[in-house]
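Student: Sending over data-v6.pdb (PDB, N, CA and C atoms, pLDDT in the B column).
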```pdb
ATOM      1  N   MET A 205       0.855  -1.175   0.000  1.00 41.00           N
ATOM      2  CA  MET A 205       0.000   0.000   0.000  1.00 41.00           C
ATOM      3  C   MET A 205       0.898   1.235   0.000  1.00 41.00           C
ATOM      4  N   ASP A 206       0.701   2.111  -0.947  1.00 48.00           N
ATOM      5  CA  ASP A 206       1.507   3.328  -1.042  1.00 48.00           C
ATOM      6  C   ASP A 206       1.268   4.284   0.116  1.00 48.00           C
ATOM      7  N   LEU A 207       0.027   4.465   0.461  1.00 50.00           N
ATOM      8  CA  LEU A 207      -0.321   5.455   1.477  1.00 50.00           C
ATOM      9  C   LEU A 207      -0.697   4.743   2.767  1.00 50.00           C
ATOM     10  N   CYS A 208       0.284   4.575   3.658  1.00 54.00           N
ATOM     11  CA  CYS A 208      -0.018   3.896   4.921  1.00 54.00           C
ATOM     12  C   CYS A 208      -0.536   4.878   5.949  1.00 54.00           C
ATOM     13  N   ALA A 209      -0.412   6.181   5.693  1.00 62.00           N
ATOM     14  CA  ALA A 209      -0.784   7.190   6.684  1.00 62.00           C
ATOM     15  C   ALA A 209      -2.252   7.578   6.559  1.00 62.00           C
ATOM     16  N   THR A 210      -3.119   6.576   6.492  1.00 75.00           N
ATOM     17  CA  THR A 210      -4.548   6.866   6.475  1.00 75.00           C
ATOM     18  C   THR A 210      -4.968   7.327   7.861  1.00 75.00           C
ATOM     19  N   ASP A 211      -6.114   7.968   7.939  1.00 80.00           N
ATOM     20  CA  ASP A 211      -6.614   8.450   9.224  1.00 80.00           C
ATOM     21  C   ASP A 211      -6.710   7.323  10.245  1.00 80.00           C
ATOM     22  N   SER A 212      -7.260   6.185   9.838  1.00 85.00           N
ATOM     23  CA  SER A 212      -7.445   5.092  10.796  1.00 85.00           C
ATOM     24  C   SER A 212      -6.108   4.494  11.223  1.00 85.00           C
ATOM     25  N   TYR A 213      -5.144   4.442  10.314  1.00 81.00           N
ATOM     26  CA  TYR A 213      -3.821   3.905  10.654  1.00 81.00           C
ATOM     27  C   TYR A 213      -3.126   4.810  11.664  1.00 81.00           C
ATOM     28  N   VAL A 214      -3.108   6.104  11.396  1.00 80.00           N
ATOM     29  CA  VAL A 214      -2.475   7.061  12.299  1.00 80.00           C
ATOM     30  C   VAL A 214      -3.207   7.083  13.634  1.00 80.00           C
ATOM     31  N   SER A 215      -4.515   7.007  13.607  1.00 85.00           N
ATOM     32  CA  SER A 215      -5.296   6.972  14.839  1.00 85.00           C
ATOM     33  C   SER A 215      -4.914   5.756  15.684  1.00 85.00           C
ATOM     34  N   GLY A 216      -4.716   4.628  15.045  1.00 87.00           N
ATOM     35  CA  GLY A 216      -4.303   3.423  15.760  1.00 87.00           C
ATOM     36  C   GLY A 216      -2.942   3.585  16.416  1.00 87.00           C
ATOM     37  N   ILE A 217      -2.035   4.280  15.753  1.00 82.00           N
ATOM     38  CA  ILE A 217      -0.715   4.555  16.332  1.00 82.00           C
ATOM     39  C   ILE A 217      -0.878   5.461  17.542  1.00 82.00           C
ATOM     40  N   GLU A 218      -1.666   6.519  17.384  1.00 81.00           N
ATOM     41  CA  GLU A 218      -1.872   7.478  18.475  1.00 81.00           C
ATOM     42  C   GLU A 218      -2.482   6.825  19.711  1.00 81.00           C
ATOM     43  N   ARG A 219      -3.381   5.889  19.506  1.00 86.00           N
ATOM     44  CA  ARG A 219      -4.058   5.233  20.629  1.00 86.00           C
ATOM     45  C   ARG A 219      -3.288   4.039  21.173  1.00 86.00           C
ATOM     46  N   GLY A 220      -2.128   3.734  20.572  1.00 86.00           N
ATOM     47  CA  GLY A 220      -1.325   2.618  21.046  1.00 86.00           C
ATOM     48  C   GLY A 220      -1.845   1.256  20.611  1.00 86.00           C
ATOM     49  N   ARG A 221      -2.709   1.242  19.616  1.00 92.00           N
ATOM     50  CA  ARG A 221      -3.270  -0.022  19.122  1.00 92.00           C
ATOM     51  C   ARG A 221      -2.444  -0.597  17.974  1.00 92.00           C
ATOM     52  N   ARG A 222      -1.576   0.203  17.438  1.00 90.00           N
ATOM     53  CA  ARG A 222      -0.686  -0.259  16.364  1.00 90.00           C
ATOM     54  C   ARG A 222       0.748  -0.029  16.804  1.00 90.00           C
ATOM     55  N   ASN A 223       1.604  -0.916  16.385  1.00 90.00           N
ATOM     56  CA  ASN A 223       3.027  -0.812  16.676  1.00 90.00           C
ATOM     57  C   ASN A 223       3.753  -0.784  15.326  1.00 90.00           C
ATOM     58  N   PRO A 224       3.849   0.402  14.718  1.00 89.00           N
ATOM     59  CA  PRO A 224       4.373   0.483  13.358  1.00 89.00           C
ATOM     60  C   PRO A 224       5.870   0.177  13.285  1.00 89.00           C
ATOM     61  N   SER A 225       6.261  -0.375  12.165  1.00 91.00           N
ATOM     62  CA  SER A 225       7.678  -0.624  11.910  1.00 91.00           C
ATOM     63  C   SER A 225       8.365   0.696  11.595  1.00 91.00           C
ATOM     64  N   LEU A 226       9.675   0.683  11.609  1.00 92.00           N
ATOM     65  CA  LEU A 226      10.434   1.879  11.262  1.00 92.00           C
ATOM     66  C   LEU A 226      10.132   2.302   9.827  1.00 92.00           C
ATOM     67  N   LYS A 227       9.990   1.330   8.952  1.00 92.00           N
ATOM     68  CA  LYS A 227       9.661   1.640   7.552  1.00 92.00           C
ATOM     69  C   LYS A 227       8.301   2.334   7.460  1.00 92.00           C
ATOM     70  N   SER A 228       7.330   1.854   8.239  1.00 88.00           N
ATOM     71  CA  SER A 228       6.015   2.495   8.248  1.00 88.00           C
ATOM     72  C   SER A 228       6.110   3.921   8.778  1.00 88.00           C
ATOM     73  N   MET A 229       6.915   4.118   9.817  1.00 89.00           N
ATOM     74  CA  MET A 229       7.086   5.462  10.376  1.00 89.00           C
ATOM     75  C   MET A 229       7.757   6.394   9.367  1.00 89.00           C
ATOM     76  N   GLN A 230       8.671   5.857   8.568  1.00 92.00           N
ATOM     77  CA  GLN A 230       9.286   6.674   7.519  1.00 92.00           C
ATOM     78  C   GLN A 230       8.237   7.116   6.513  1.00 92.00           C
ATOM     79  N   ARG A 231       7.300   6.237   6.182  1.00 88.00           N
ATOM     80  CA  ARG A 231       6.226   6.588   5.245  1.00 88.00           C
ATOM     81  C   ARG A 231       5.302   7.646   5.841  1.00 88.00           C
ATOM     82  N   VAL A 232       4.972   7.494   7.114  1.00 85.00           N
ATOM     83  CA  VAL A 232       4.128   8.490   7.784  1.00 85.00           C
ATOM     84  C   VAL A 232       4.833   9.842   7.771  1.00 85.00           C
ATOM     85  N   ALA A 233       6.118   9.860   8.118  1.00 90.00           N
ATOM     86  CA  ALA A 233       6.891  11.104   8.124  1.00 90.00           C
ATOM     87  C   ALA A 233       6.888  11.740   6.733  1.00 90.00           C
ATOM     88  N   ALA A 234       7.064  10.929   5.712  1.00 91.00           N
ATOM     89  CA  ALA A 234       7.072  11.452   4.342  1.00 91.00           C
ATOM     90  C   ALA A 234       5.718  12.059   3.995  1.00 91.00           C
ATOM     91  N   GLN A 235       4.627  11.422   4.419  1.00 87.00           N
ATOM     92  CA  GLN A 235       3.289  11.960   4.161  1.00 87.00           C
ATOM     93  C   GLN A 235       3.076  13.284   4.879  1.00 87.00           C
ATOM     94  N   LEU A 236       3.749  13.452   6.023  1.00 86.00           N
ATOM     95  CA  LEU A 236       3.654  14.706   6.775  1.00 86.00           C
ATOM     96  C   LEU A 236       4.673  15.740   6.290  1.00 86.00           C
ATOM     97  N   ASP A 237       5.452  15.357   5.283  1.00 93.00           N
ATOM     98  CA  ASP A 237       6.506  16.214   4.735  1.00 93.00           C
ATOM     99  C   ASP A 237       7.498  16.619   5.829  1.00 93.00           C
ATOM    100  N   ARG A 238       7.867  15.643   6.653  1.00 94.00           N
ATOM    101  CA  ARG A 238       8.814  15.841   7.743  1.00 94.00           C
ATOM    102  C   ARG A 238       9.846  14.736   7.705  1.00 94.00           C
ATOM    103  N   SER A 239      10.998  14.980   8.337  1.00 96.00           N
ATOM    104  CA  SER A 239      11.987  13.916   8.466  1.00 96.00           C
ATOM    105  C   SER A 239      11.564  13.003   9.611  1.00 96.00           C
ATOM    106  N   LEU A 240      12.068  11.798   9.599  1.00 95.00           N
ATOM    107  CA  LEU A 240      11.766  10.871  10.673  1.00 95.00           C
ATOM    108  C   LEU A 240      12.278  11.420  12.003  1.00 95.00           C
ATOM    109  N   ASP A 241      13.429  12.083  11.979  1.00 95.00           N
ATOM    110  CA  ASP A 241      13.967  12.716  13.188  1.00 95.00           C
ATOM    111  C   ASP A 241      12.960  13.702  13.778  1.00 95.00           C
ATOM    112  N   GLU A 242      12.387  14.538  12.918  1.00 96.00           N
ATOM    113  CA  GLU A 242      11.416  15.539  13.391  1.00 96.00           C
ATOM    114  C   GLU A 242      10.206  14.879  14.034  1.00 96.00           C
ATOM    115  N   VAL A 243       9.746  13.790  13.447  1.00 91.00           N
ATOM    116  CA  VAL A 243       8.579  13.089  13.985  1.00 91.00           C
ATOM    117  C   VAL A 243       8.891  12.541  15.376  1.00 91.00           C
ATOM    118  N   PHE A 244      10.065  11.938  15.546  1.00 92.00           N
ATOM    119  CA  PHE A 244      10.423  11.383  16.850  1.00 92.00           C
ATOM    120  C   PHE A 244      10.674  12.477  17.888  1.00 92.00           C
ATOM    121  N   ILE A 245      11.261  13.584  17.474  1.00 94.00           N
ATOM    122  CA  ILE A 245      11.488  14.704  18.408  1.00 94.00           C
ATOM    123  C   ILE A 245      10.141  15.255  18.876  1.00 94.00           C
ATOM    124  N   LEU A 246       9.224  15.459  17.959  1.00 91.00           N
ATOM    125  CA  LEU A 246       7.904  15.961  18.324  1.00 91.00           C
ATOM    126  C   LEU A 246       7.171  14.963  19.223  1.00 91.00           C
ATOM    127  N   ALA A 247       7.264  13.681  18.906  1.00 87.00           N
ATOM    128  CA  ALA A 247       6.607  12.660  19.731  1.00 87.00           C
ATOM    129  C   ALA A 247       7.150  12.693  21.160  1.00 87.00           C
ATOM    130  N   ARG A 248       8.454  12.864  21.297  1.00 90.00           N
ATOM    131  CA  ARG A 248       9.040  12.925  22.641  1.00 90.00           C
ATOM    132  C   ARG A 248       8.546  14.161  23.382  1.00 90.00           C
ATOM    133  N   GLN A 249       8.517  15.298  22.691  1.00 92.00           N
ATOM    134  CA  GLN A 249       8.046  16.534  23.325  1.00 92.00           C
ATOM    135  C   GLN A 249       6.594  16.381  23.779  1.00 92.00           C
ATOM    136  N   LEU A 250       5.764  15.791  22.947  1.00 87.00           N
ATOM    137  CA  LEU A 250       4.360  15.598  23.302  1.00 87.00           C
ATOM    138  C   LEU A 250       4.215  14.632  24.472  1.00 87.00           C
ATOM    139  N   ALA A 251       5.042  13.604  24.503  1.00 86.00           N
ATOM    140  CA  ALA A 251       4.999  12.650  25.618  1.00 86.00           C
ATOM    141  C   ALA A 251       5.414  13.327  26.920  1.00 86.00           C
ATOM    142  N   GLU A 252       6.419  14.194  26.848  1.00 89.00           N
ATOM    143  CA  GLU A 252       6.868  14.909  28.048  1.00 89.00           C
ATOM    144  C   GLU A 252       5.799  15.873  28.542  1.00 89.00           C
ATOM    145  N   ILE A 253       5.123  16.531  27.634  1.00 88.00           N
ATOM    146  CA  ILE A 253       4.040  17.437  28.018  1.00 88.00           C
ATOM    147  C   ILE A 253       2.923  16.636  28.676  1.00 88.00           C
ATOM    148  N   GLY A 254       2.596  15.488  28.104  1.00 83.00           N
ATOM    149  CA  GLY A 254       1.556  14.633  28.658  1.00 83.00           C
ATOM    150  C   GLY A 254       1.912  14.096  30.038  1.00 83.00           C
ATOM    151  N   ALA A 255       3.217  13.951  30.286  1.00 80.00           N
ATOM    152  CA  ALA A 255       3.675  13.450  31.590  1.00 80.00           C
ATOM    153  C   ALA A 255       3.892  14.595  32.584  1.00 80.00           C
ATOM    154  N   GLY A 256       3.602  15.823  32.150  1.00 78.00           N
ATOM    155  CA  GLY A 256       3.741  16.984  33.034  1.00 78.00           C
ATOM    156  C   GLY A 256       5.152  17.508  33.152  1.00 78.00           C
ATOM    157  N   LYS A 257       6.037  17.069  32.256  1.00 70.00           N
ATOM    158  CA  LYS A 257       7.416  17.551  32.277  1.00 70.00           C
ATOM    159  C   LYS A 257       7.537  18.728  31.313  1.00 70.00           C
ATOM    160  N   PRO A 258       8.358  19.715  31.634  1.00 68.00           N
ATOM    161  CA  PRO A 258       8.562  20.809  30.676  1.00 68.00           C
ATOM    162  C   PRO A 258       9.336  20.308  29.472  1.00 68.00           C
ATOM    163  N   ALA A 259       8.925  20.735  28.284  1.00 60.00           N
ATOM    164  CA  ALA A 259       9.626  20.359  27.065  1.00 60.00           C
ATOM    165  C   ALA A 259      10.976  21.034  27.023  1.00 60.00           C
ATOM    166  N   LYS A 260      11.964  20.341  26.477  1.00 65.00           N
ATOM    167  CA  LYS A 260      13.300  20.909  26.360  1.00 65.00           C
ATOM    168  C   LYS A 260      13.250  22.119  25.441  1.00 65.00           C
ATOM    169  N   GLY A 261      13.976  23.157  25.798  1.00 61.00           N
ATOM    170  CA  GLY A 261      14.022  24.350  24.977  1.00 61.00           C
ATOM    171  C   GLY A 261      12.912  25.329  25.290  1.00 61.00           C
ATOM    172  N   SER A 262      12.127  25.034  26.330  1.00 53.00           N
ATOM    173  CA  SER A 262      11.053  25.985  26.684  1.00 53.00           C
ATOM    174  C   SER A 262      11.245  26.544  28.062  1.00 53.00           C
TER     175      SER A 262
END
```
Translate the structure of the given file into structure tokens.
Tutor:
Amino acid sequence: MDLCATDSYVSGIERGRRNPSLKSMQRVAAQLDRSLDEVFILARQLAEIGAGKPAKGS
């Protein structure tokens, strides 16, 4: 499947119901027009905010 970043697929990742491979994450990043590094940095920042920790650089 060319487009793995469908709404339901991404929703499953967000809810922890899917455990995407690195290759799948690269495809999601490409669909978001971002590098994989950027996606992981943002995910970490969001996780820290959710855990009540201040994000780095703020």
Student: Could you tell me how far atom N of Gly254 of chain A sits from atom N of Arg231 of chain A, in Å to one decimal place?
Tutor: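 Distance between the two atoms: 24.3 Å.
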Student: Please, what distance in Å, to one decimal, runs between atom CA of Ile245 of chain A and atom CA of Tyr213 of chain A?
Tutor: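 Taking atom CA of Ile245 of chain A and atom CA of Tyr213 of chain A, their separation equals 20.3 Å.
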Student: Got a sec to tell me which of chain A DSSP assigns to helix (DSSP H, G or I), as an mmCIF file with N, CA and C atoms, in the coordinates of the input?
Tutor:
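Generated file (selection09.cif):
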```cif
data_model
loop_
_atom_site.group_PDB
_atom_site.id
_atom_site.type_symbol
_atom_site.label_atom_id
_atom_site.label_comp_id
_atom_site.auth_asym_id
_atom_site.auth_seq_id
_atom_site.Cartn_x
_atom_site.Cartn_y
_atom_site.Cartn_z
ATOM 1 N N ASP A 211 -6.114 7.968 7.939
ATOM 2 C CA ASP A 211 -6.614 8.450 9.224
ATOM 3 C C ASP A 211 -6.710 7.323 10.245
ATOM 4 N N SER A 212 -7.260 6.185 9.838
ATOM 5 C CA SER A 212 -7.445 5.092 10.796
ATOM 6 C C SER A 212 -6.108 4.494 11.223
ATOM 7 N N TYR A 213 -5.144 4.442 10.314
ATOM 8 C CA TYR A 213 -3.821 3.905 10.654
ATOM 9 C C TYR A 213 -3.126 4.810 11.664
ATOM 10 N N VAL A 214 -3.108 6.104 11.396
ATOM 11 C CA VAL A 214 -2.475 7.061 12.299
ATOM 12 C C VAL A 214 -3.207 7.083 13.634
ATOM 13 N N SER A 215 -4.515 7.007 13.607
ATOM 14 C CA SER A 215 -5.296 6.972 14.839
ATOM 15 C C SER A 215 -4.914 5.756 15.684
ATOM 16 N N GLY A 216 -4.716 4.628 15.045
ATOM 17 C CA GLY A 216 -4.303 3.423 15.760
ATOM 18 C C GLY A 216 -2.942 3.585 16.416
ATOM 19 N N ILE A 217 -2.035 4.280 15.753
ATOM 20 C CA ILE A 217 -0.715 4.555 16.332
ATOM 21 C C ILE A 217 -0.878 5.461 17.542
ATOM 22 N N GLU A 218 -1.666 6.519 17.384
ATOM 23 C CA GLU A 218 -1.872 7.478 18.475
ATOM 24 C C GLU A 218 -2.482 6.825 19.711
ATOM 25 N N LEU A 226 9.675 0.683 11.609
ATOM 26 C CA LEU A 226 10.434 1.879 11.262
ATOM 27 C C LEU A 226 10.132 2.302 9.827
ATOM 28 N N LYS A 227 9.990 1.330 8.952
ATOM 29 C CA LYS A 227 9.661 1.640 7.552
ATOM 30 C C LYS A 227 8.301 2.334 7.460
ATOM 31 N N SER A 228 7.330 1.854 8.239
ATOM 32 C CA SER A 228 6.015 2.495 8.248
ATOM 33 C C SER A 228 6.110 3.921 8.778
ATOM 34 N N MET A 229 6.915 4.118 9.817
ATOM 35 C CA MET A 229 7.086 5.462 10.376
ATOM 36 C C MET A 229 7.757 6.394 9.367
ATOM 37 N N GLN A 230 8.671 5.857 8.568
ATOM 38 C CA GLN A 230 9.286 6.674 7.519
ATOM 39 C C GLN A 230 8.237 7.116 6.513
ATOM 40 N N ARG A 231 7.300 6.237 6.182
ATOM 41 C CA ARG A 231 6.226 6.588 5.245
ATOM 42 C C ARG A 231 5.302 7.646 5.841
ATOM 43 N N VAL A 232 4.972 7.494 7.114
ATOM 44 C CA VAL A 232 4.128 8.490 7.784
ATOM 45 C C VAL A 232 4.833 9.842 7.771
ATOM 46 N N ALA A 233 6.118 9.860 8.118
ATOM 47 C CA ALA A 233 6.891 11.104 8.124
ATOM 48 C C ALA A 233 6.888 11.740 6.733
ATOM 49 N N ALA A 234 7.064 10.929 5.712
ATOM 50 C CA ALA A 234 7.072 11.452 4.342
ATOM 51 C C ALA A 234 5.718 12.059 3.995
ATOM 52 N N GLN A 235 4.627 11.422 4.419
ATOM 53 C CA GLN A 235 3.289 11.960 4.161
ATOM 54 C C GLN A 235 3.076 13.284 4.879
ATOM 55 N N LEU A 240 12.068 11.798 9.599
ATOM 56 C CA LEU A 240 11.766 10.871 10.673
ATOM 57 C C LEU A 240 12.278 11.420 12.003
ATOM 58 N N ASP A 241 13.429 12.083 11.979
ATOM 59 C CA ASP A 241 13.967 12.716 13.188
ATOM 60 C C ASP A 241 12.960 13.702 13.778
ATOM 61 N N GLU A 242 12.387 14.538 12.918
ATOM 62 C CA GLU A 242 11.416 15.539 13.391
ATOM 63 C C GLU A 242 10.206 14.879 14.034
ATOM 64 N N VAL A 243 9.746 13.790 13.447
ATOM 65 C CA VAL A 243 8.579 13.089 13.985
ATOM 66 C C VAL A 243 8.891 12.541 15.376
ATOM 67 N N PHE A 244 10.065 11.938 15.546
ATOM 68 C CA PHE A 244 10.423 11.383 16.850
ATOM 69 C C PHE A 244 10.674 12.477 17.888
ATOM 70 N N ILE A 245 11.261 13.584 17.474
ATOM 71 C CA ILE A 245 11.488 14.704 18.408
ATOM 72 C C ILE A 245 10.141 15.255 18.876
ATOM 73 N N LEU A 246 9.224 15.459 17.959
ATOM 74 C CA LEU A 246 7.904 15.961 18.324
ATOM 75 C C LEU A 246 7.171 14.963 19.223
ATOM 76 N N ALA A 247 7.264 13.681 18.906
ATOM 77 C CA ALA A 247 6.607 12.660 19.731
ATOM 78 C C ALA A 247 7.150 12.693 21.160
ATOM 79 N N ARG A 248 8.454 12.864 21.297
ATOM 80 C CA ARG A 248 9.040 12.925 22.641
ATOM 81 C C ARG A 248 8.546 14.161 23.382
ATOM 82 N N GLN A 249 8.517 15.298 22.691
ATOM 83 C CA GLN A 249 8.046 16.534 23.325
ATOM 84 C C GLN A 249 6.594 16.381 23.779
ATOM 85 N N LEU A 250 5.764 15.791 22.947
ATOM 86 C CA LEU A 250 4.360 15.598 23.302
ATOM 87 C C LEU A 250 4.215 14.632 24.472
ATOM 88 N N ALA A 251 5.042 13.604 24.503
ATOM 89 C CA ALA A 251 4.999 12.650 25.618
ATOM 90 C C ALA A 251 5.414 13.327 26.920
ATOM 91 N N GLU A 252 6.419 14.194 26.848
ATOM 92 C CA GLU A 252 6.868 14.909 28.048
ATOM 93 C C GLU A 252 5.799 15.873 28.542
ATOM 94 N N ILE A 253 5.123 16.531 27.634
ATOM 95 C CA ILE A 253 4.040 17.437 28.018
ATOM 96 C C ILE A 253 2.923 16.636 28.676
ATOM 97 N N GLY A 254 2.596 15.488 28.104
ATOM 98 C CA GLY A 254 1.556 14.633 28.658
ATOM 99 C C GLY A 254 1.912 14.096 30.038
#
```
Student: In Å to one decimal, how far is atom CA of Lys227 of chain A from atom CA of Gln249 of chain A?
Tutor: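 These two atoms are separated by 21.8 Å.
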Student: If we count all atoms listed in the file, what is near Leu240 of chain A at a cut-off of 7 Å, once residues fewer than 5 positions away on the same chain are taken out, given as a ChimeraX atom specification?
Tutor: /A:229-230,233-234,245
Student: Compute the distance from (-1.8, 1.4, 14.5) to each atom, counting only C-alpha atoms, keep the residues with any atom at most 12 Å away, and return them as a list in words; use the coordinates of the file.
Tutor: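 Here is the list of nearby residues: Cys208, Ala209, Thr210, Asp211, Ser212, Tyr213, Val214, Ser215, Gly216, Ile217, Glu218, Arg219, Gly220, Arg221, Arg222, Asn223, Pro224, Ser225, Ser228, Met229 and Val232 of chain A.
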Student: Please save N, CA and C atoms of the selected residues as an mmCIF file, in the frame of the given file.
Tutor:
```cif
data_model
loop_
_atom_site.group_PDB
_atom_site.id
_atom_site.type_symbol
_atom_site.label_atom_id
_atom_site.label_comp_id
_atom_site.auth_asym_id
_atom_site.auth_seq_id
_atom_site.Cartn_x
_atom_site.Cartn_y
_atom_site.Cartn_z
ATOM 1 N N CYS A 208 0.284 4.575 3.658
ATOM 2 C CA CYS A 208 -0.018 3.896 4.921
ATOM 3 C C CYS A 208 -0.536 4.878 5.949
ATOM 4 N N ALA A 209 -0.412 6.181 5.693
ATOM 5 C CA ALA A 209 -0.784 7.190 6.684
ATOM 6 C C ALA A 209 -2.252 7.578 6.559
ATOM 7 N N THR A 210 -3.119 6.576 6.492
ATOM 8 C CA THR A 210 -4.548 6.866 6.475
ATOM 9 C C THR A 210 -4.968 7.327 7.861
ATOM 10 N N ASP A 211 -6.114 7.968 7.939
ATOM 11 C CA ASP A 211 -6.614 8.450 9.224
ATOM 12 C C ASP A 211 -6.710 7.323 10.245
ATOM 13 N N SER A 212 -7.260 6.185 9.838
ATOM 14 C CA SER A 212 -7.445 5.092 10.796
ATOM 15 C C SER A 212 -6.108 4.494 11.223
ATOM 16 N N TYR A 213 -5.144 4.442 10.314
ATOM 17 C CA TYR A 213 -3.821 3.905 10.654
ATOM 18 C C TYR A 213 -3.126 4.810 11.664
ATOM 19 N N VAL A 214 -3.108 6.104 11.396
ATOM 20 C CA VAL A 214 -2.475 7.061 12.299
ATOM 21 C C VAL A 214 -3.207 7.083 13.634
ATOM 22 N N SER A 215 -4.515 7.007 13.607
ATOM 23 C CA SER A 215 -5.296 6.972 14.839
ATOM 24 C C SER A 215 -4.914 5.756 15.684
ATOM 25 N N GLY A 216 -4.716 4.628 15.045
ATOM 26 C CA GLY A 216 -4.303 3.423 15.760
ATOM 27 C C GLY A 216 -2.942 3.585 16.416
ATOM 28 N N ILE A 217 -2.035 4.280 15.753
ATOM 29 C CA ILE A 217 -0.715 4.555 16.332
ATOM 30 C C ILE A 217 -0.878 5.461 17.542
ATOM 31 N N GLU A 218 -1.666 6.519 17.384
ATOM 32 C CA GLU A 218 -1.872 7.478 18.475
ATOM 33 C C GLU A 218 -2.482 6.825 19.711
ATOM 34 N N ARG A 219 -3.381 5.889 19.506
ATOM 35 C CA ARG A 219 -4.058 5.233 20.629
ATOM 36 C C ARG A 219 -3.288 4.039 21.173
ATOM 37 N N GLY A 220 -2.128 3.734 20.572
ATOM 38 C CA GLY A 220 -1.325 2.618 21.046
ATOM 39 C C GLY A 220 -1.845 1.256 20.611
ATOM 40 N N ARG A 221 -2.709 1.242 19.616
ATOM 41 C CA ARG A 221 -3.270 -0.022 19.122
ATOM 42 C C ARG A 221 -2.444 -0.597 17.974
ATOM 43 N N ARG A 222 -1.576 0.203 17.438
ATOM 44 C CA ARG A 222 -0.686 -0.259 16.364
ATOM 45 C C ARG A 222 0.748 -0.029 16.804
ATOM 46 N N ASN A 223 1.604 -0.916 16.385
ATOM 47 C CA ASN A 223 3.027 -0.812 16.676
ATOM 48 C C ASN A 223 3.753 -0.784 15.326
ATOM 49 N N PRO A 224 3.849 0.402 14.718
ATOM 50 C CA PRO A 224 4.373 0.483 13.358
ATOM 51 C C PRO A 224 5.870 0.177 13.285
ATOM 52 N N SER A 225 6.261 -0.375 12.165
ATOM 53 C CA SER A 225 7.678 -0.624 11.910
ATOM 54 C C SER A 225 8.365 0.696 11.595
ATOM 55 N N SER A 228 7.330 1.854 8.239
ATOM 56 C CA SER A 228 6.015 2.495 8.248
ATOM 57 C C SER A 228 6.110 3.921 8.778
ATOM 58 N N MET A 229 6.915 4.118 9.817
ATOM 59 C CA MET A 229 7.086 5.462 10.376
ATOM 60 C C MET A 229 7.757 6.394 9.367
ATOM 61 N N VAL A 232 4.972 7.494 7.114
ATOM 62 C CA VAL A 232 4.128 8.490 7.784
ATOM 63 C C VAL A 232 4.833 9.842 7.771
#
```
Student: Padding 8 Å on every side, please: axis-aligned box over the listed atoms of segment 246-250 of chain A, centre and edge lengths to one decimal in Å, as lines of an AutoDock Vina configuration file.
Tutor:
```
center_x = 6.7
center_y = 14.6
center_z = 21.2
size_x = 21.0
size_y = 19.9
size_z = 22.5
```
